[in-house]
There are 4 protein chains.
Amino acid sequence: MAVIGKKTWAIAEGYIPSGSTGPEPAMTSHETMCFLNAGERAAHIRVTIFFKDRDPVGPYTFTVPARRTKHVRFNDLKEPAEIPRDTDYSSLIESDEPVVVQHTRLDSRQAENALLSTIAFPAD
Amino acid sequence: MAVIGKKTWAIAEGYIPSGSTGPEPAMTSHETMCFLNAGERAAHIRVTIFFKDRDPVGPYTFTVPARRTKHVRFNDLKEPAEIPRDTDYSSLIESDEPVVVQHTRLDSRQAENALLSTIAFPAD
Amino acid sequence: MAVIGKKTWAIAEGYIPSGSTGPEPAMTSHETMCFLNAGERAAHIRVTIFFKDRDPVGPYTFTVPARRTKHVRFNDLKEPAEIPRDTDYSSLIESDEPVVVQHTRLDSRQAENALLSTIAFPAD
Amino acid sequence: MAVIGKKTWAIAEGYIPSGSTGPEPAMTSHETMCFLNAGERAAHIRVTIFFKDRDPVGPYTFTVPARRTKHVRFNDLKEPAEIPRDTDYSSLIESDEPVVVQHTRLDSRQAENALLSTIAFPAD
């Protein structure tokens with residue numbers, strides 16, 4: 001099977017709305033980073049969160065096991081600090097193994113939901 | 001005409017909602033991988049599906065004929081196993097000819113539909 | 001000013017819904033390819049449309065003037081043939097000058113609109 | 001921490017709807033370019049806006065401080081000229097330091113909002 005992915009990724013756009021409509025938790029407004037580790041070794045991930053008016057916070061650390069996917073909600077990140085709602089942020093994602101990262105948001109502040117997704121930006 | 005595409009692609013984000021609203025089948029919640037094979041030879045595709053807590057499943061195999069598009073709904077994949085609903089997954093797509101892959105989802109769980117699309121991640 | 005862009009692009013996903021809701025023409029369901037020609041020479045564009053079960057149709061030809069944008073609705077392409085509604089297609093876009101291409105769709109079949117956008121896939 | 005980003009980016013698609021529904025200002029229709037400057041030096045940004053039928057306008061200039069994000073609404077750009085509503089445009093973004101750029105739009109013209117996001121197109 002092919003090795004695929006990069007070790008460094010960025011998501012310039014980040015924003016967790018504080019409100020939601022619809023059944024919980026599936027329709028709660030959330031931001032997700034989706035990982036694919038198609039390789040044979042576990043990937044150790046370090047995420048740093050950047051803000052507009054204060055120093056970055058991190059690293060948030062977790063593992064994506066070999067040959068597994070992991071969908072991580074920014075809403076659920078607690079250590080070293082919860083990510084504030086209604087606040088612009090960006091993310092830098094560093095891994096010790098090649099992974100693929102995609103960014104998704106469900107915005108259910110109004111009854112009419114909006115959903116976005118885009119591949120994160122990879123660095124060589 | 002230009003040769004365009006890559007032989008390996010990944011879609012880190014995957015999720016088929018179990019519910020839908022609106023007329024079937026066009027407005028059924030679904031996930032699609034869209035292929036373009038602009039070349040002169042048929043492309044033989046192998047898709048492997050990755051999960052968060054068990055081994056990958058696949059390959060799902062099909063052919064994109066020369067100079068054709070093919071839009072494949074993950075919902076319709078049956079062999080070797082149907083893809084579970086309401087479950088996070090990732091996809092690795094391997095082809096013996098260069099193709100272009102784009103990922104689209106229609107989420108019609110609530111009356112207000114959401115639609116996303118992003119180019120898949122290509123490997124060299 | 002920087003030269004930016006590529007001469008070959010692909011959009012694997014294409015679909016023009018036949019129905020719409022909302023005021024015309026802004027809210028008509030449509031698919032658009034958006035061009036940026038940031039250079040000093042006009043770009044001559046050739047678009048070929050691929051289908052799942054018949055030969056490609058094209059070229060559709062038009063010009064993006066130097067230092068201009070052009071947003072082209074697939075709905076409006078007439079020569080050599082109109083693009084059928086409710087039909088899967090893909091696009092190959094070739095230019096004689098570097099351009100940047102982005103793909104957008106407004107789907108207003110149901111009252112709740114959906115909007116998607118993704119950068120097209122560039123070839124070297 | 002990894003250096004990540006490019007110095008030139010393009011967003012081929014641009015459009016600020018003139019109407020909105022929902023509470024202001026969060027749900028006002030808007031277009032945003034989101035920057036991540038993960039580096040140790042401030043990035044000086046120059047944005048040029050391209051139109052379909054007249055000369056480009058710019059540069060719009062601002063700074064993204066070191067190790068900060070900045071989310072810039074096109075709606076808020078005033079100098080050298082406000083960006084017209086309901087008008088197609090494209091953007092060329094030039095920086096003196098590597099940055100990452102993502103493009104987002106909230107379209108709240110109808111009660112049912114639409115949200116799109118895509119990574120901008122990077123040049124080497």
# chains A, B, ... in the order shown; residues from 1 in each chain; ligands from 1

$ residues_around --residues "Phe74 of chain A" --least-positions-apart "4" --cutoff "9 Å" --atoms "only C-alpha atoms" --output "list in words"
Ile16, His30, Glu31, Thr32, Met33, Lys78, Glu82 and Ile83 of chain A

$ write_last_selection --atoms "N, CA, C and O atoms" --output "PDB file, in the first residue's frame"
ATOM      1  N   ILE A  16     -14.890  28.314  16.385  1.00  0.00           N
ATOM      2  CA  ILE A  16     -15.911  27.441  16.971  1.00  0.00           C
ATOM      3  C   ILE A  16     -17.076  28.320  17.406  1.00  0.00           C
ATOM      4  O   ILE A  16     -16.947  29.099  18.354  1.00  0.00           O
ATOM      5  N   HIS A  30     -19.248  22.486  15.424  1.00  0.00           N
ATOM      6  CA  HIS A  30     -17.929  22.017  15.811  1.00  0.00           C
ATOM      7  C   HIS A  30     -16.946  22.174  14.666  1.00  0.00           C
ATOM      8  O   HIS A  30     -17.326  22.329  13.511  1.00  0.00           O
ATOM      9  N   GLU A  31     -15.683  22.166  15.032  1.00  0.00           N
ATOM     10  CA  GLU A  31     -14.581  22.139  14.076  1.00  0.00           C
ATOM     11  C   GLU A  31     -13.807  20.850  14.286  1.00  0.00           C
ATOM     12  O   GLU A  31     -13.499  20.476  15.417  1.00  0.00           O
ATOM     13  N   THR A  32     -13.462  20.215  13.179  1.00  0.00           N
ATOM     14  CA  THR A  32     -12.790  18.927  13.267  1.00  0.00           C
ATOM     15  C   THR A  32     -11.534  18.929  12.401  1.00  0.00           C
ATOM     16  O   THR A  32     -11.526  19.512  11.327  1.00  0.00           O
ATOM     17  N   MET A  33     -10.464  18.287  12.903  1.00  0.00           N
ATOM     18  CA  MET A  33      -9.346  17.941  12.016  1.00  0.00           C
ATOM     19  C   MET A  33      -9.374  16.423  11.874  1.00  0.00           C
ATOM     20  O   MET A  33      -9.404  15.694  12.863  1.00  0.00           O
ATOM     21  N   LYS A  78      -8.666  20.017  25.627  1.00  0.00           N
ATOM     22  CA  LYS A  78      -8.745  20.581  26.981  1.00  0.00           C
ATOM     23  C   LYS A  78      -7.382  20.985  27.531  1.00  0.00           C
ATOM     24  O   LYS A  78      -7.285  21.899  28.353  1.00  0.00           O
ATOM     25  N   GLU A  82      -8.622  25.006  27.083  1.00  0.00           N
ATOM     26  CA  GLU A  82      -9.735  24.888  26.158  1.00  0.00           C
ATOM     27  C   GLU A  82      -9.636  25.994  25.104  1.00  0.00           C
ATOM     28  O   GLU A  82      -9.151  27.096  25.394  1.00  0.00           O
ATOM     29  N   ILE A  83     -10.091  25.712  23.884  1.00  0.00           N
ATOM     30  CA  ILE A  83     -10.063  26.728  22.827  1.00  0.00           C
ATOM     31  C   ILE A  83     -11.295  27.609  22.981  1.00  0.00           C
ATOM     32  O   ILE A  83     -12.416  27.107  23.030  1.00  0.00           O
TER      33      ILE A  83
END

$ residues_around --residues "Arg68 of chain C" --least-positions-apart "3" --cutoff "9 Å" --atoms "only C-alpha atoms" --output "list in words"
Phe35, Leu36, Asn37, Ala38, Gly39, Ala42, Val64 and Pro65 of chain C; Phe50, Phe51, Lys52, Asp53, Arg54, Asp55, Pro56, Tyr89 and Ser90 of chain D

$ residues_around --residues "Val100 of chain A" --least-positions-apart "5" --cutoff "12 Å" --atoms "only C-alpha atoms" --output "PyMOL selection string"
(chain A and resi 3-10+33-39+43+45+64+67-71+93-95+118-123) or (chain B and resi 9-13+90-92+120-123)

$ atom_distance --atom1 "atom CA of Arg46 of chain B" --atom2 "atom CA of Phe62 of chain B"
7.0 Å

$ closest_residue --among "D:His103, D:His44, D:Arg73, D:Arg85" --to "chain C" --atoms "only C-alpha atoms"
D:His103

$ closest_residue --among "C:Val99, C:Ala81, C:Ala66, C:Ile49" --to "Gly14 of chain C" --atoms "only C-alpha atoms"
C:Ile49

$ closest_residue --among "B:Thr48, B:Asn75, B:Thr63, B:Thr87" --to "chain C" --atoms "only C-alpha atoms"
B:Thr63

$ decode --residues "segment 63-94 of chain C" --atoms "N, CA and C atoms" --output "PDB file, in the first residue's frame"
ATOM      1  N   THR C  63     -11.723  33.711 -23.776  1.00  0.00           N
ATOM      2  CA  THR C  63     -10.491  34.405 -23.431  1.00  0.00           C
ATOM      3  C   THR C  63     -10.640  35.089 -22.081  1.00  0.00           C
ATOM      4  N   VAL C  64      -9.603  34.995 -21.266  1.00  0.00           N
ATOM      5  CA  VAL C  64      -9.533  35.796 -20.043  1.00  0.00           C
ATOM      6  C   VAL C  64      -8.490  36.876 -20.305  1.00  0.00           C
ATOM      7  N   PRO C  65      -8.912  38.131 -20.386  1.00  0.00           N
ATOM      8  CA  PRO C  65      -7.962  39.206 -20.715  1.00  0.00           C
ATOM      9  C   PRO C  65      -6.849  39.324 -19.669  1.00  0.00           C
ATOM     10  N   ALA C  66      -5.766  39.964 -20.037  1.00  0.00           N
ATOM     11  CA  ALA C  66      -4.668  40.209 -19.107  1.00  0.00           C
ATOM     12  C   ALA C  66      -5.172  41.003 -17.909  1.00  0.00           C
ATOM     13  N   ARG C  67      -4.697  40.604 -16.713  1.00  0.00           N
ATOM     14  CA  ARG C  67      -5.001  41.329 -15.475  1.00  0.00           C
ATOM     15  C   ARG C  67      -6.506  41.452 -15.225  1.00  0.00           C
ATOM     16  N   ARG C  68      -7.204  40.371 -15.498  1.00  0.00           N
ATOM     17  CA  ARG C  68      -8.654  40.344 -15.283  1.00  0.00           C
ATOM     18  C   ARG C  68      -9.065  39.023 -14.639  1.00  0.00           C
ATOM     19  N   THR C  69     -10.248  39.029 -14.006  1.00  0.00           N
ATOM     20  CA  THR C  69     -10.908  37.802 -13.585  1.00  0.00           C
ATOM     21  C   THR C  69     -12.029  37.503 -14.559  1.00  0.00           C
ATOM     22  N   LYS C  70     -12.422  36.235 -14.599  1.00  0.00           N
ATOM     23  CA  LYS C  70     -13.603  35.864 -15.380  1.00  0.00           C
ATOM     24  C   LYS C  70     -14.283  34.716 -14.639  1.00  0.00           C
ATOM     25  N   HIS C  71     -15.579  34.892 -14.342  1.00  0.00           N
ATOM     26  CA  HIS C  71     -16.357  33.848 -13.689  1.00  0.00           C
ATOM     27  C   HIS C  71     -17.292  33.271 -14.754  1.00  0.00           C
ATOM     28  N   VAL C  72     -17.058  32.033 -15.156  1.00  0.00           N
ATOM     29  CA  VAL C  72     -17.808  31.408 -16.249  1.00  0.00           C
ATOM     30  C   VAL C  72     -18.776  30.383 -15.680  1.00  0.00           C
ATOM     31  N   ARG C  73     -20.072  30.577 -15.940  1.00  0.00           N
ATOM     32  CA  ARG C  73     -21.062  29.596 -15.510  1.00  0.00           C
ATOM     33  C   ARG C  73     -21.157  28.475 -16.539  1.00  0.00           C
ATOM     34  N   PHE C  74     -20.996  27.240 -16.080  1.00  0.00           N
ATOM     35  CA  PHE C  74     -21.173  26.089 -16.976  1.00  0.00           C
ATOM     36  C   PHE C  74     -22.577  26.122 -17.593  1.00  0.00           C
ATOM     37  N   ASN C  75     -23.543  26.626 -16.840  1.00  0.00           N
ATOM     38  CA  ASN C  75     -24.923  26.743 -17.348  1.00  0.00           C
ATOM     39  C   ASN C  75     -24.976  27.525 -18.659  1.00  0.00           C
ATOM     40  N   ASP C  76     -24.050  28.470 -18.826  1.00  0.00           N
ATOM     41  CA  ASP C  76     -24.120  29.379 -19.964  1.00  0.00           C
ATOM     42  C   ASP C  76     -23.356  28.876 -21.188  1.00  0.00           C
ATOM     43  N   LEU C  77     -22.632  27.767 -21.052  1.00  0.00           N
ATOM     44  CA  LEU C  77     -21.872  27.249 -22.195  1.00  0.00           C
ATOM     45  C   LEU C  77     -22.836  26.665 -23.223  1.00  0.00           C
ATOM     46  N   LYS C  78     -22.714  27.115 -24.476  1.00  0.00           N
ATOM     47  CA  LYS C  78     -23.679  26.701 -25.513  1.00  0.00           C
ATOM     48  C   LYS C  78     -23.005  25.993 -26.684  1.00  0.00           C
ATOM     49  N   GLU C  79     -21.752  26.365 -26.994  1.00  0.00           N
ATOM     50  CA  GLU C  79     -21.070  25.825 -28.173  1.00  0.00           C
ATOM     51  C   GLU C  79     -19.831  25.071 -27.758  1.00  0.00           C
ATOM     52  N   PRO C  80     -19.656  23.804 -28.220  1.00  0.00           N
ATOM     53  CA  PRO C  80     -20.410  23.097 -29.263  1.00  0.00           C
ATOM     54  C   PRO C  80     -21.721  22.465 -28.797  1.00  0.00           C
ATOM     55  N   ALA C  81     -22.038  22.440 -27.482  1.00  0.00           N
ATOM     56  CA  ALA C  81     -23.307  21.829 -27.059  1.00  0.00           C
ATOM     57  C   ALA C  81     -23.578  22.273 -25.635  1.00  0.00           C
ATOM     58  N   GLU C  82     -24.838  22.464 -25.285  1.00  0.00           N
ATOM     59  CA  GLU C  82     -25.194  22.801 -23.917  1.00  0.00           C
ATOM     60  C   GLU C  82     -24.854  21.618 -22.990  1.00  0.00           C
ATOM     61  N   ILE C  83     -24.487  21.927 -21.758  1.00  0.00           N
ATOM     62  CA  ILE C  83     -24.184  20.853 -20.813  1.00  0.00           C
ATOM     63  C   ILE C  83     -25.493  20.375 -20.199  1.00  0.00           C
ATOM     64  N   PRO C  84     -25.753  19.058 -20.265  1.00  0.00           N
ATOM     65  CA  PRO C  84     -27.031  18.556 -19.762  1.00  0.00           C
ATOM     66  C   PRO C  84     -27.169  18.756 -18.250  1.00  0.00           C
ATOM     67  N   ARG C  85     -28.400  18.989 -17.780  1.00  0.00           N
ATOM     68  CA  ARG C  85     -28.676  19.129 -16.350  1.00  0.00           C
ATOM     69  C   ARG C  85     -28.780  17.744 -15.706  1.00  0.00           C
ATOM     70  N   ASP C  86     -28.601  17.726 -14.397  1.00  0.00           N
ATOM     71  CA  ASP C  86     -28.786  16.501 -13.617  1.00  0.00           C
ATOM     72  C   ASP C  86     -27.902  15.368 -14.131  1.00  0.00           C
ATOM     73  N   THR C  87     -26.731  15.714 -14.582  1.00  0.00           N
ATOM     74  CA  THR C  87     -25.817  14.746 -15.196  1.00  0.00           C
ATOM     75  C   THR C  87     -24.413  14.945 -14.617  1.00  0.00           C
ATOM     76  N   ASP C  88     -23.770  13.867 -14.230  1.00  0.00           N
ATOM     77  CA  ASP C  88     -22.391  13.962 -13.731  1.00  0.00           C
ATOM     78  C   ASP C  88     -21.433  14.278 -14.866  1.00  0.00           C
ATOM     79  N   TYR C  89     -20.516  15.212 -14.612  1.00  0.00           N
ATOM     80  CA  TYR C  89     -19.481  15.472 -15.603  1.00  0.00           C
ATOM     81  C   TYR C  89     -18.192  15.904 -14.901  1.00  0.00           C
ATOM     82  N   SER C  90     -17.114  15.943 -15.676  1.00  0.00           N
ATOM     83  CA  SER C  90     -15.828  16.482 -15.207  1.00  0.00           C
ATOM     84  C   SER C  90     -15.312  17.451 -16.253  1.00  0.00           C
ATOM     85  N   SER C  91     -14.390  18.308 -15.844  1.00  0.00           N
ATOM     86  CA  SER C  91     -13.867  19.322 -16.765  1.00  0.00           C
ATOM     87  C   SER C  91     -12.347  19.299 -16.803  1.00  0.00           C
ATOM     88  N   LEU C  92     -11.817  19.442 -17.988  1.00  0.00           N
ATOM     89  CA  LEU C  92     -10.380  19.656 -18.176  1.00  0.00           C
ATOM     90  C   LEU C  92     -10.213  21.038 -18.782  1.00  0.00           C
ATOM     91  N   ILE C  93      -9.357  21.853 -18.170  1.00  0.00           N
ATOM     92  CA  ILE C  93      -9.215  23.253 -18.545  1.00  0.00           C
ATOM     93  C   ILE C  93      -7.777  23.481 -18.973  1.00  0.00           C
ATOM     94  N   GLU C  94      -7.587  23.937 -20.204  1.00  0.00           N
ATOM     95  CA  GLU C  94      -6.240  24.176 -20.731  1.00  0.00           C
ATOM     96  C   GLU C  94      -6.120  25.631 -21.156  1.00  0.00           C
TER      97      GLU C  94
END
